[in-house]
$ cat run.cif   # mmCIF, C-alpha atoms
data_data
#
loop_
_atom_site.group_PDB
_atom_site.id
_atom_site.type_symbol
_atom_site.label_atom_id
_atom_site.label_comp_id
_atom_site.auth_asym_id
_atom_site.auth_seq_id
_atom_site.Cartn_x
_atom_site.Cartn_y
_atom_site.Cartn_z
ATOM 1 C CA MET A 1 0.000 0.000 0.000
ATOM 2 C CA ASP A 2 2.905 2.378 0.669
ATOM 3 C CA LEU A 3 4.002 1.955 -2.949
ATOM 4 C CA ILE A 4 0.532 2.800 -4.246
ATOM 5 C CA ARG A 5 0.270 5.847 -2.007
ATOM 6 C CA SER A 6 3.714 7.066 -3.074
ATOM 7 C CA LEU A 7 2.738 6.590 -6.728
ATOM 8 C CA ALA A 8 -0.418 8.636 -6.203
ATOM 9 C CA ILE A 9 1.514 11.406 -4.434
ATOM 10 C CA ALA A 10 4.100 11.548 -7.223
ATOM 11 C CA PHE A 11 1.446 12.024 -9.894
ATOM 12 C CA SER A 12 -0.652 14.437 -7.848
ATOM 13 C CA MET A 13 2.384 16.597 -7.067
ATOM 14 C CA TYR A 14 4.187 16.596 -10.403
ATOM 15 C CA SER A 15 1.385 16.221 -12.945
ATOM 16 C CA ARG A 16 -2.245 17.028 -13.580
ATOM 17 C CA VAL A 17 -3.180 13.379 -13.983
ATOM 18 C CA PRO A 18 -6.242 12.692 -11.794
ATOM 19 C CA VAL A 19 -5.353 10.221 -9.032
ATOM 20 C CA PRO A 20 -6.984 9.268 -5.712
ATOM 21 C CA GLN A 21 -6.086 11.596 -2.849
ATOM 22 C CA VAL A 22 -4.011 9.999 -0.096
ATOM 23 C CA GLU A 23 -2.646 11.200 3.212
ATOM 24 C CA TRP A 24 0.812 12.762 2.988
ATOM 25 C CA SER A 25 2.458 10.885 5.849
ATOM 26 C CA GLU A 26 6.099 9.918 6.128
ATOM 27 C CA ARG A 27 5.225 6.328 5.221
ATOM 28 C CA SER A 28 3.175 7.283 2.187
ATOM 29 C CA MET A 29 5.924 9.604 0.886
ATOM 30 C CA LYS A 30 8.678 7.016 1.337
ATOM 31 C CA TYR A 31 8.785 6.035 -2.350
ATOM 32 C CA THR A 32 7.567 9.241 -3.993
ATOM 33 C CA PHE A 33 10.908 10.028 -5.647
ATOM 34 C CA LEU A 34 11.126 6.421 -6.815
ATOM 35 C CA PHE A 35 8.024 7.050 -8.947
ATOM 36 C CA PHE A 36 9.026 10.500 -10.184
ATOM 37 C CA PRO A 37 10.412 9.028 -13.450
ATOM 38 C CA ALA A 38 7.078 7.225 -13.930
ATOM 39 C CA VAL A 39 5.484 10.659 -14.245
ATOM 40 C CA GLY A 40 7.907 11.350 -17.086
ATOM 41 C CA LEU A 41 7.239 7.921 -18.622
ATOM 42 C CA LEU A 42 3.528 8.654 -18.945
ATOM 43 C CA GLU A 43 4.255 12.150 -20.231
ATOM 44 C CA GLY A 44 6.570 10.728 -22.904
ATOM 45 C CA ALA A 45 4.025 8.094 -23.931
ATOM 46 C CA LEU A 46 1.285 10.708 -24.245
ATOM 47 C CA LEU A 47 3.641 12.979 -26.168
ATOM 48 C CA LEU A 48 4.260 10.220 -28.699
ATOM 49 C CA GLY A 49 0.539 9.514 -28.974
ATOM 50 C CA ILE A 50 -0.389 13.158 -29.459
ATOM 51 C CA GLY A 51 2.426 13.634 -31.947
ATOM 52 C CA ARG A 52 1.148 10.676 -33.955
ATOM 53 C CA LEU A 53 -2.425 11.975 -33.956
ATOM 54 C CA LEU A 54 -1.299 15.423 -35.094
ATOM 55 C CA ARG A 55 0.668 13.945 -37.972
ATOM 56 C CA LEU A 56 -2.181 11.646 -38.981
ATOM 57 C CA GLY A 57 -4.436 14.701 -38.918
ATOM 58 C CA GLY A 58 -2.128 16.514 -41.319
ATOM 59 C CA ILE A 59 -1.393 19.327 -38.856
ATOM 60 C CA ALA A 60 1.320 21.670 -40.165
ATOM 61 C CA PRO A 61 4.680 21.897 -38.283
ATOM 62 C CA LEU A 62 4.078 25.257 -36.577
ATOM 63 C CA PRO A 63 0.675 24.481 -34.999
ATOM 64 C CA ARG A 64 1.946 20.970 -34.241
ATOM 65 C CA GLY A 65 4.854 22.503 -32.338
ATOM 66 C CA ALA A 66 2.455 24.782 -30.479
ATOM 67 C CA PHE A 67 0.169 21.889 -29.474
ATOM 68 C CA LEU A 68 3.066 19.782 -28.198
ATOM 69 C CA THR A 69 4.508 22.719 -26.245
ATOM 70 C CA LEU A 70 1.114 23.375 -24.654
ATOM 71 C CA PHE A 71 0.766 19.703 -23.779
ATOM 72 C CA VAL A 72 4.054 19.677 -21.839
ATOM 73 C CA PHE A 73 2.965 22.573 -19.658
ATOM 74 C CA MET A 74 -0.599 21.330 -19.260
ATOM 75 C CA TYR A 75 0.602 17.880 -18.181
ATOM 76 C CA THR A 76 2.912 19.204 -15.453
ATOM 77 C CA GLY A 77 0.765 22.174 -14.497
ATOM 78 C CA GLY A 78 3.856 24.327 -14.937
ATOM 79 C CA ILE A 79 5.430 23.171 -11.668
ATOM 80 C CA HIS A 80 8.887 22.737 -13.174
ATOM 81 C CA MET A 81 8.694 25.976 -15.132
ATOM 82 C CA ASP A 82 7.817 27.718 -11.862
ATOM 83 C CA GLY A 83 11.073 26.455 -10.343
ATOM 84 C CA PHE A 84 12.952 27.440 -13.508
ATOM 85 C CA MET A 85 11.586 30.986 -13.364
ATOM 86 C CA ASP A 86 12.261 31.407 -9.637
ATOM 87 C CA THR A 87 15.838 30.200 -10.090
ATOM 88 C CA MET A 88 16.481 32.436 -13.092
ATOM 89 C CA ASP A 89 15.186 35.409 -11.102
ATOM 90 C CA ALA A 90 17.557 34.589 -8.258
ATOM 91 C CA LEU A 91 20.562 34.039 -10.511
ATOM 92 C CA GLY A 92 19.809 37.144 -12.536
ATOM 93 C CA SER A 93 19.770 39.305 -9.427
ATOM 94 C CA ALA A 94 23.567 38.902 -8.945
ATOM 95 C CA ARG A 95 22.959 39.327 -5.200
ATOM 96 C CA PRO A 96 24.638 37.576 -2.250
ATOM 97 C CA ARG A 97 23.544 34.013 -1.497
ATOM 98 C CA GLU A 98 21.129 34.978 1.272
ATOM 99 C CA GLU A 99 19.320 37.390 -1.024
ATOM 100 C CA LYS A 100 19.180 34.822 -3.807
ATOM 101 C CA LEU A 101 17.582 32.328 -1.429
ATOM 102 C CA ARG A 102 15.030 34.965 -0.464
ATOM 103 C CA ILE A 103 14.221 35.592 -4.126
ATOM 104 C CA LEU A 104 13.718 31.843 -4.642
ATOM 105 C CA LYS A 105 10.896 31.945 -2.087
ATOM 106 C CA ASP A 106 9.430 35.257 -3.303
ATOM 107 C CA PRO A 107 6.003 34.645 -4.943
ATOM 108 C CA HIS A 108 6.427 37.685 -7.207
ATOM 109 C CA THR A 109 7.717 37.270 -10.754
ATOM 110 C CA GLY A 110 10.669 39.369 -11.873
ATOM 111 C CA SER A 111 11.870 40.419 -15.293
ATOM 112 C CA PHE A 112 14.583 37.743 -15.463
ATOM 113 C CA ALA A 113 11.958 35.054 -14.872
ATOM 114 C CA VAL A 114 9.635 36.344 -17.593
ATOM 115 C CA LEU A 115 12.414 36.761 -20.142
ATOM 116 C CA SER A 116 13.850 33.306 -19.410
ATOM 117 C CA CYS A 117 10.416 31.689 -19.648
ATOM 118 C CA VAL A 118 9.693 33.312 -23.011
ATOM 119 C CA LEU A 119 13.069 32.314 -24.450
ATOM 120 C CA CYS A 120 12.713 28.740 -23.175
ATOM 121 C CA CYS A 121 9.208 28.418 -24.632
ATOM 122 C CA ILE A 122 10.422 29.724 -27.999
ATOM 123 C CA LEU A 123 13.217 27.136 -28.026
ATOM 124 C CA VAL A 124 10.859 24.289 -27.085
ATOM 125 C CA PHE A 125 8.226 25.372 -29.613
ATOM 126 C CA ALA A 126 10.756 25.756 -32.438
ATOM 127 C CA SER A 127 12.333 22.383 -31.647
ATOM 128 C CA PHE A 128 8.994 20.557 -31.594
ATOM 129 C CA ALA A 129 8.020 22.230 -34.871
ATOM 130 C CA GLY A 130 11.381 21.297 -36.391
ATOM 131 C CA LEU A 131 11.200 17.566 -35.695
ATOM 132 C CA ASP A 132 10.748 16.093 -39.163
ATOM 133 C CA SER A 133 9.313 12.702 -38.257
ATOM 134 C CA GLU A 134 7.194 10.930 -35.699
ATOM 135 C CA ALA A 135 10.170 8.785 -34.697
ATOM 136 C CA ALA A 136 12.162 11.919 -33.825
ATOM 137 C CA LEU A 137 9.929 12.387 -30.758
ATOM 138 C CA ARG A 138 11.142 9.164 -29.178
ATOM 139 C CA VAL A 139 14.407 10.550 -27.798
ATOM 140 C CA PRO A 140 12.768 13.636 -26.171
ATOM 141 C CA ALA A 141 10.126 11.290 -24.716
ATOM 142 C CA CYS A 142 12.873 9.150 -23.143
ATOM 143 C CA GLY A 143 14.515 12.365 -21.964
ATOM 144 C CA MET A 144 11.458 13.052 -19.820
ATOM 145 C CA VAL A 145 12.264 9.910 -17.839
ATOM 146 C CA LEU A 146 15.998 10.595 -17.699
ATOM 147 C CA SER A 147 15.559 14.184 -16.490
ATOM 148 C CA ARG A 148 13.334 13.110 -13.611
ATOM 149 C CA ALA A 149 15.567 10.215 -12.595
ATOM 150 C CA LEU A 150 18.583 12.537 -12.430
ATOM 151 C CA SER A 151 16.660 15.347 -10.732
ATOM 152 C CA ALA A 152 15.415 13.097 -7.923
ATOM 153 C CA LEU A 153 18.777 11.331 -7.608
ATOM 154 C CA PHE A 154 20.617 14.614 -7.125
ATOM 155 C CA LEU A 155 18.110 15.839 -4.530
ATOM 156 C CA ILE A 156 18.704 12.713 -2.463
ATOM 157 C CA THR A 157 22.466 12.361 -2.862
ATOM 158 C CA VAL A 158 23.907 15.897 -3.140
ATOM 159 C CA PRO A 159 24.489 17.483 0.279
ATOM 160 C CA GLY A 160 22.822 20.813 0.970
ATOM 161 C CA LYS A 161 21.303 22.781 3.812
ATOM 162 C CA THR A 162 18.922 24.967 1.805
ATOM 163 C CA ARG A 163 16.398 22.323 0.768
ATOM 164 C CA LYS A 164 12.853 23.122 1.897
ATOM 165 C CA GLY A 165 9.238 22.426 0.995
ATOM 166 C CA SER A 166 8.067 19.307 -0.835
ATOM 167 C CA ALA A 167 11.569 18.479 -2.087
ATOM 168 C CA LYS A 168 12.819 18.299 1.503
ATOM 169 C CA MET A 169 9.801 16.250 2.611
ATOM 170 C CA PHE A 170 10.223 13.693 -0.143
ATOM 171 C CA ALA A 171 14.007 13.519 0.241
ATOM 172 C CA ASP A 172 13.827 13.151 4.023
ATOM 173 C CA ALA A 173 11.055 10.562 3.878
ATOM 174 C CA ALA A 174 12.664 8.528 1.077
ATOM 175 C CA SER A 175 13.749 4.964 1.645
ATOM 176 C CA ARG A 176 17.200 6.099 0.638
ATOM 177 C CA MET A 177 18.991 3.014 -0.685
ATOM 178 C CA VAL A 178 15.932 1.535 -2.399
ATOM 179 C CA THR A 179 15.149 4.862 -4.047
ATOM 180 C CA ILE A 180 18.727 5.464 -5.205
ATOM 181 C CA ILE A 181 18.946 1.987 -6.762
ATOM 182 C CA ALA A 182 15.555 2.388 -8.449
ATOM 183 C CA LEU A 183 16.445 5.830 -9.813
ATOM 184 C CA PHE A 184 19.719 4.460 -11.142
ATOM 185 C CA PHE A 185 17.845 1.777 -13.068
ATOM 186 C CA TRP A 186 15.257 4.300 -14.317
ATOM 187 C CA GLY A 187 18.082 6.480 -15.605
ATOM 188 C CA ALA A 188 19.982 3.549 -17.128
ATOM 189 C CA ALA A 189 16.859 2.289 -18.899
ATOM 190 C CA ALA A 190 16.160 5.767 -20.279
ATOM 191 C CA ALA A 191 19.778 6.078 -21.469
ATOM 192 C CA VAL A 192 19.624 2.710 -23.244
ATOM 193 C CA CYS A 193 16.365 3.690 -24.957
ATOM 194 C CA ILE A 194 17.908 6.988 -26.055
ATOM 195 C CA LEU A 195 20.773 5.082 -27.670
ATOM 196 C CA LEU A 196 18.394 2.617 -29.322
ATOM 197 C CA PHE A 197 15.961 5.211 -30.652
ATOM 198 C CA GLY A 198 18.470 7.917 -31.491
ATOM 199 C CA GLY A 199 21.275 5.796 -32.823
ATOM 200 C CA VAL A 200 24.873 6.016 -31.724
ATOM 201 C CA THR A 201 25.565 9.586 -32.877
ATOM 202 C CA GLU A 202 22.439 11.277 -31.558
ATOM 203 C CA GLY A 203 22.294 9.044 -28.488
ATOM 204 C CA VAL A 204 25.867 9.786 -27.449
ATOM 205 C CA ALA A 205 25.341 13.511 -28.101
ATOM 206 C CA VAL A 206 22.211 13.543 -25.906
ATOM 207 C CA LEU A 207 23.834 11.593 -23.072
ATOM 208 C CA ALA A 208 26.980 13.713 -23.217
ATOM 209 C CA ALA A 209 24.840 16.854 -23.039
ATOM 210 C CA ALA A 210 22.923 15.362 -20.093
ATOM 211 C CA GLY A 211 26.210 14.766 -18.285
ATOM 212 C CA ILE A 212 27.444 18.294 -18.953
ATOM 213 C CA VAL A 213 24.161 19.898 -17.895
ATOM 214 C CA SER A 214 24.048 17.726 -14.748
ATOM 215 C CA LEU A 215 27.577 18.682 -13.711
ATOM 216 C CA TRP A 216 26.910 22.367 -14.409
ATOM 217 C CA TYR A 217 23.661 22.180 -12.421
ATOM 218 C CA VAL A 218 25.175 20.637 -9.306
ATOM 219 C CA VAL A 219 28.195 22.972 -9.321
ATOM 220 C CA THR A 220 26.135 26.111 -9.985
ATOM 221 C CA ALA A 221 23.380 25.331 -7.471
ATOM 222 C CA THR A 222 25.924 24.463 -4.777
ATOM 223 C CA ARG A 223 27.991 27.586 -5.426
ATOM 224 C CA GLU A 224 25.086 30.022 -5.758
ATOM 225 C CA PHE A 225 22.573 28.595 -3.264
ATOM 226 C CA GLY A 226 24.552 26.316 -0.976
ATOM 227 C CA GLY A 227 22.775 23.209 -2.256
ATOM 228 C CA LEU A 228 19.836 21.937 -4.254
ATOM 229 C CA THR A 229 16.222 22.923 -3.723
ATOM 230 C CA GLY A 230 12.889 22.043 -5.297
ATOM 231 C CA ASP A 231 13.143 25.196 -7.403
ATOM 232 C CA THR A 232 16.622 24.373 -8.691
ATOM 233 C CA ALA A 233 15.432 20.840 -9.459
ATOM 234 C CA GLY A 234 12.678 22.274 -11.667
ATOM 235 C CA TRP A 235 15.250 24.599 -13.256
ATOM 236 C CA PHE A 236 17.518 21.664 -14.063
ATOM 237 C CA LEU A 237 14.708 19.484 -15.407
ATOM 238 C CA THR A 238 13.399 22.256 -17.661
ATOM 239 C CA ILE A 239 16.838 23.044 -19.084
ATOM 240 C CA LEU A 240 17.814 19.407 -19.619
ATOM 241 C CA GLU A 241 14.590 18.528 -21.445
ATOM 242 C CA ALA A 242 14.914 21.631 -23.638
ATOM 243 C CA VAL A 243 18.523 20.719 -24.475
ATOM 244 C CA ILE A 244 17.592 17.128 -25.359
ATOM 245 C CA LEU A 245 14.700 18.335 -27.518
ATOM 246 C CA CYS A 246 16.961 20.832 -29.293
ATOM 247 C CA ILE A 247 19.603 18.166 -30.007
ATOM 248 C CA SER A 248 16.925 15.829 -31.385
ATOM 249 C CA CYS A 249 15.709 18.607 -33.664
ATOM 250 C CA ILE A 250 19.215 19.240 -34.958
ATOM 251 C CA PHE A 251 19.758 15.559 -35.675
ATOM 252 C CA SER A 252 16.393 15.303 -37.410
ATOM 253 C CA GLY A 253 17.921 17.397 -40.186
ATOM 254 C CA VAL A 254 16.256 20.733 -39.466
ATOM 255 C CA ASN A 255 18.310 23.873 -38.903
ATOM 256 C CA LEU A 256 16.967 25.951 -36.049
#

$ encode --input "run.cif" --output "C-alpha cells"
Amino acid sequence: MDLIRSLAIAFSMYSRVPVPQVEWSERSMKYTFLFFPAVGLLEGALLLGIGRLLRLGGIAPLPRGAFLTLFVFMYTGGIHMDGFMDTMDALGSARPREEKLRILKDPHTGSFAVLSCVLCCILVFASFAGLDSEAALRVPACGMVLSRALSALFLITVPGKTRKGSAKMFADAASRMVTIIALFFWGAAAAVCILLFGGVTEGVAVLAAAGIVSLWYVVTATREFGGLTGDTAGWFLTILEAVILCISCIFSGVNL
C-alpha cells in the first residue's frame, strides 16, 4: 500500500493526472521520488501519442509545435517551469547568497523570470516544430524519464542545507537506498532507450549533453545557493529537457 500511495503522491504533485487523494504521511511519501520518473514515462508516452495523432491529422509543423509545447505545460501544471523561473530570477539578481535564497521563495515574478520563460518556450516550440518525423519524438520522450531520474537522484544524494518544501519532505522521507537503486535503473533504462531510438551519434550527443548539464547544475546550485532545492530541481529538469529536444531537432535534419 505504501508503494501505491507514493505513486499517487508523485502524480498528484508533479502532474495534472487525476489520481486518488491519499494522506501525505512519512510512510506514504517514502517512495515518492522512486516514482518520479514514472510521471515522465507517462508524459513521454502521451507525447508520442499526441504527436502521432497530429501527424495523422495533417497538422502543419508550426501548430503541431504549439500543441506539443502546450501539452508539456498542461501535463505538469507548470510546476517545473515555476522552479525554472524562480531560479532564473535569483541568478539574474547577482545578489549575495542569502538574497538569492530569499528571491527563490518570493512569490512575485521578476523580469529575469519572464524573459527566461519566453526564451525557453520559444526554443521548445521551435524544436517541436522542427522535428521532421514521428520517430524523432522518441528521444525527447525518453529524456522526460531521464531528467526526472537525475533530478530526484541529485536531490537525495547531493548534500545541501537549503532544501525546503516538498523536495525536503520527499528527500527526508525517502527509503534512501531503495530509491537510489531504483532511480539508477530508471536512468539507465532511459539512457539505453535513447541510444536505441536515437542511434549512436544522436544518443551519445544527448547523453553527453545530459552529463554536462548535470555537472553544471550541481556545481552552480551548490555555489550560488549552498545546495539543491525544489526550485533548482525544476530549473535543471526544464533546461535538460529543452537541451535534449533541441539536439533531437538538430539531428532530425532541421536547422533551427

$ residues_around --input "run.cif" --residues "His80 of chain A" --least-positions-apart "6" --cutoff "7 Å" --atoms "all atoms listed in the file" --output "PDB file with C-alpha atoms, in the frame of the given file"
ATOM      1  CA  GLY A 234      12.678  22.274 -11.667  1.00  0.00           C
ATOM      2  CA  TRP A 235      15.250  24.599 -13.256  1.00  0.00           C
ATOM      3  CA  THR A 238      13.399  22.256 -17.661  1.00  0.00           C
TER       4      THR A 238
END

$ closest_residue --input "run.cif" --among "A:Leu41, A:Val204, A:Met74, A:Leu115" --to "Arg16 of chain A" --atoms "only C-alpha atoms"
A:Met74

$ residues_around --input "run.cif" --residues "Pro63 of chain A" --least-positions-apart "4" --cutoff "10 Å" --atoms "all atoms listed in the file" --output "PyMOL selection string"
chain A and resi 54+59+67-69+125+128-129

$ resolve_selection --input "run.cif" --expression "the PyMOL selection byres ((chain A and resi 175-187) around 7)" --output "list in words"
Lys30, Tyr31, Phe33, Leu34, Pro37, Leu146, Ala149, Leu150, Leu153, Ala173, Ala174, Ala188, Ala189, Ala190 and Ala191 of chain A

$ resolve_selection --input "run.cif" --expression "the PyMOL selection byres ((chain A and resi 214-219) around 9)" --output "MDAnalysis selection string"
chainID A and resid 150:151 154 158 209:213 220:224 227:228 232:233 235:236 240

$ write_last_selection --input "run.cif" --atoms "C-alpha atoms" --output "CSV table (one decimal), in the coordinates of the input"
chain,number,residue,atom,x,y,z
A,150,LEU,CA,18.6,12.5,-12.4
A,151,SER,CA,16.7,15.3,-10.7
A,154,PHE,CA,20.6,14.6,-7.1
A,158,VAL,CA,23.9,15.9,-3.1
A,209,ALA,CA,24.8,16.9,-23.0
A,210,ALA,CA,22.9,15.4,-20.1
A,211,GLY,CA,26.2,14.8,-18.3
A,212,ILE,CA,27.4,18.3,-19.0
A,213,VAL,CA,24.2,19.9,-17.9
A,220,THR,CA,26.1,26.1,-10.0
A,221,ALA,CA,23.4,25.3,-7.5
A,222,THR,CA,25.9,24.5,-4.8
A,223,ARG,CA,28.0,27.6,-5.4
A,224,GLU,CA,25.1,30.0,-5.8
A,227,GLY,CA,22.8,23.2,-2.3
A,228,LEU,CA,19.8,21.9,-4.3
A,232,THR,CA,16.6,24.4,-8.7
A,233,ALA,CA,15.4,20.8,-9.5
A,235,TRP,CA,15.2,24.6,-13.3
A,236,PHE,CA,17.5,21.7,-14.1
A,240,LEU,CA,17.8,19.4,-19.6

$ atom_distance --input "run.cif" --atom1 "atom CA of Ser111 of chain A" --atom2 "atom CA of Ser93 of chain A"
9.9 Å

$ residues_near_point --input "run.cif" --point "(4.8, 8.5, -27.8)" --cutoff "8 Å" --atoms "only C-alpha atoms" --output "ChimeraX atom specification"
/A:44-52,137-138,141

$ build_atoms --input "run.cif" --residues "segment 65-92 of chain A" --atoms "N, CA and C atoms" --output "JSON list (two decimals), in the frame of the given file"
[["chain", "number", "residue", "atom", "x", "y", "z"],
["A", 65, "GLY", "N", 3.90, 22.11, -33.37],
["A", 65, "GLY", "CA", 4.85, 22.50, -32.34],
["A", 65, "GLY", "C", 4.18, 23.22, -31.19],
["A", 66, "ALA", "N", 3.19, 24.05, -31.52],
["A", 66, "ALA", "CA", 2.46, 24.78, -30.48],
["A", 66, "ALA", "C", 1.65, 23.83, -29.61],
["A", 67, "PHE", "N", 0.97, 22.86, -30.23],
["A", 67, "PHE", "CA", 0.17, 21.89, -29.47],
["A", 67, "PHE", "C", 1.04, 21.06, -28.54],
["A", 68, "LEU", "N", 2.19, 20.60, -29.02],
["A", 68, "LEU", "CA", 3.07, 19.78, -28.20],
["A", 68, "LEU", "C", 3.67, 20.59, -27.05],
["A", 69, "THR", "N", 4.00, 21.85, -27.31],
["A", 69, "THR", "CA", 4.51, 22.72, -26.24],
["A", 69, "THR", "C", 3.45, 22.93, -25.18],
["A", 70, "LEU", "N", 2.21, 23.19, -25.61],
["A", 70, "LEU", "CA", 1.11, 23.38, -24.65],
["A", 70, "LEU", "C", 0.88, 22.11, -23.84],
["A", 71, "PHE", "N", 0.98, 20.96, -24.49],
["A", 71, "PHE", "CA", 0.77, 19.70, -23.78],
["A", 71, "PHE", "C", 1.75, 19.54, -22.62],
["A", 72, "VAL", "N", 3.03, 19.84, -22.88],
["A", 72, "VAL", "CA", 4.05, 19.68, -21.84],
["A", 72, "VAL", "C", 3.71, 20.48, -20.60],
["A", 73, "PHE", "N", 3.28, 21.72, -20.81],
["A", 73, "PHE", "CA", 2.96, 22.57, -19.66],
["A", 73, "PHE", "C", 1.63, 22.20, -19.01],
["A", 74, "MET", "N", 0.68, 21.75, -19.82],
["A", 74, "MET", "CA", -0.60, 21.33, -19.26],
["A", 74, "MET", "C", -0.45, 20.05, -18.44],
["A", 75, "TYR", "N", 0.41, 19.15, -18.89],
["A", 75, "TYR", "CA", 0.60, 17.88, -18.18],
["A", 75, "TYR", "C", 1.21, 18.12, -16.80],
["A", 76, "THR", "N", 2.22, 18.96, -16.73],
["A", 76, "THR", "CA", 2.91, 19.20, -15.45],
["A", 76, "THR", "C", 2.24, 20.29, -14.61],
["A", 77, "GLY", "N", 1.35, 21.05, -15.21],
["A", 77, "GLY", "CA", 0.76, 22.17, -14.50],
["A", 77, "GLY", "C", 1.74, 23.32, -14.31],
["A", 78, "GLY", "N", 2.87, 23.25, -15.02],
["A", 78, "GLY", "CA", 3.86, 24.33, -14.94],
["A", 78, "GLY", "C", 4.72, 24.30, -13.69],
["A", 79, "ILE", "N", 4.69, 23.19, -12.93],
["A", 79, "ILE", "CA", 5.43, 23.17, -11.67],
["A", 79, "ILE", "C", 6.93, 23.28, -11.88],
["A", 80, "HIS", "N", 7.45, 22.67, -12.93],
["A", 80, "HIS", "CA", 8.89, 22.74, -13.17],
["A", 80, "HIS", "C", 9.28, 24.09, -13.77],
["A", 81, "MET", "N", 8.43, 24.64, -14.60],
["A", 81, "MET", "CA", 8.69, 25.98, -15.13],
["A", 81, "MET", "C", 8.68, 27.02, -14.01],
["A", 82, "ASP", "N", 7.85, 26.81, -13.01],
["A", 82, "ASP", "CA", 7.82, 27.72, -11.86],
["A", 82, "ASP", "C", 9.17, 27.73, -11.16],
["A", 83, "GLY", "N", 9.75, 26.53, -10.95],
["A", 83, "GLY", "CA", 11.07, 26.46, -10.34],
["A", 83, "GLY", "C", 12.14, 27.06, -11.24],
["A", 84, "PHE", "N", 12.02, 26.86, -12.54],
["A", 84, "PHE", "CA", 12.95, 27.44, -13.51],
["A", 84, "PHE", "C", 12.91, 28.96, -13.43],
["A", 85, "MET", "N", 11.72, 29.53, -13.39],
["A", 85, "MET", "CA", 11.59, 30.99, -13.36],
["A", 85, "MET", "C", 12.10, 31.57, -12.05],
["A", 86, "ASP", "N", 11.77, 30.92, -10.94],
["A", 86, "ASP", "CA", 12.26, 31.41, -9.64],
["A", 86, "ASP", "C", 13.79, 31.39, -9.59],
["A", 87, "THR", "N", 14.38, 30.32, -10.11],
["A", 87, "THR", "CA", 15.84, 30.20, -10.09],
["A", 87, "THR", "C", 16.49, 31.23, -11.00],
["A", 88, "MET", "N", 15.92, 31.45, -12.18],
["A", 88, "MET", "CA", 16.48, 32.44, -13.09],
["A", 88, "MET", "C", 16.39, 33.85, -12.51],
["A", 89, "ASP", "N", 15.31, 34.12, -11.79],
["A", 89, "ASP", "CA", 15.19, 35.41, -11.10],
["A", 89, "ASP", "C", 16.30, 35.58, -10.08],
["A", 90, "ALA", "N", 16.53, 34.52, -9.30],
["A", 90, "ALA", "CA", 17.56, 34.59, -8.26],
["A", 90, "ALA", "C", 18.95, 34.74, -8.86],
["A", 91, "LEU", "N", 19.23, 33.95, -9.88],
["A", 91, "LEU", "CA", 20.56, 34.04, -10.51],
["A", 91, "LEU", "C", 20.76, 35.38, -11.21],
["A", 92, "GLY", "N", 19.71, 35.88, -11.82],
["A", 92, "GLY", "CA", 19.81, 37.14, -12.54],
["A", 92, "GLY", "C", 19.99, 38.35, -11.64]]
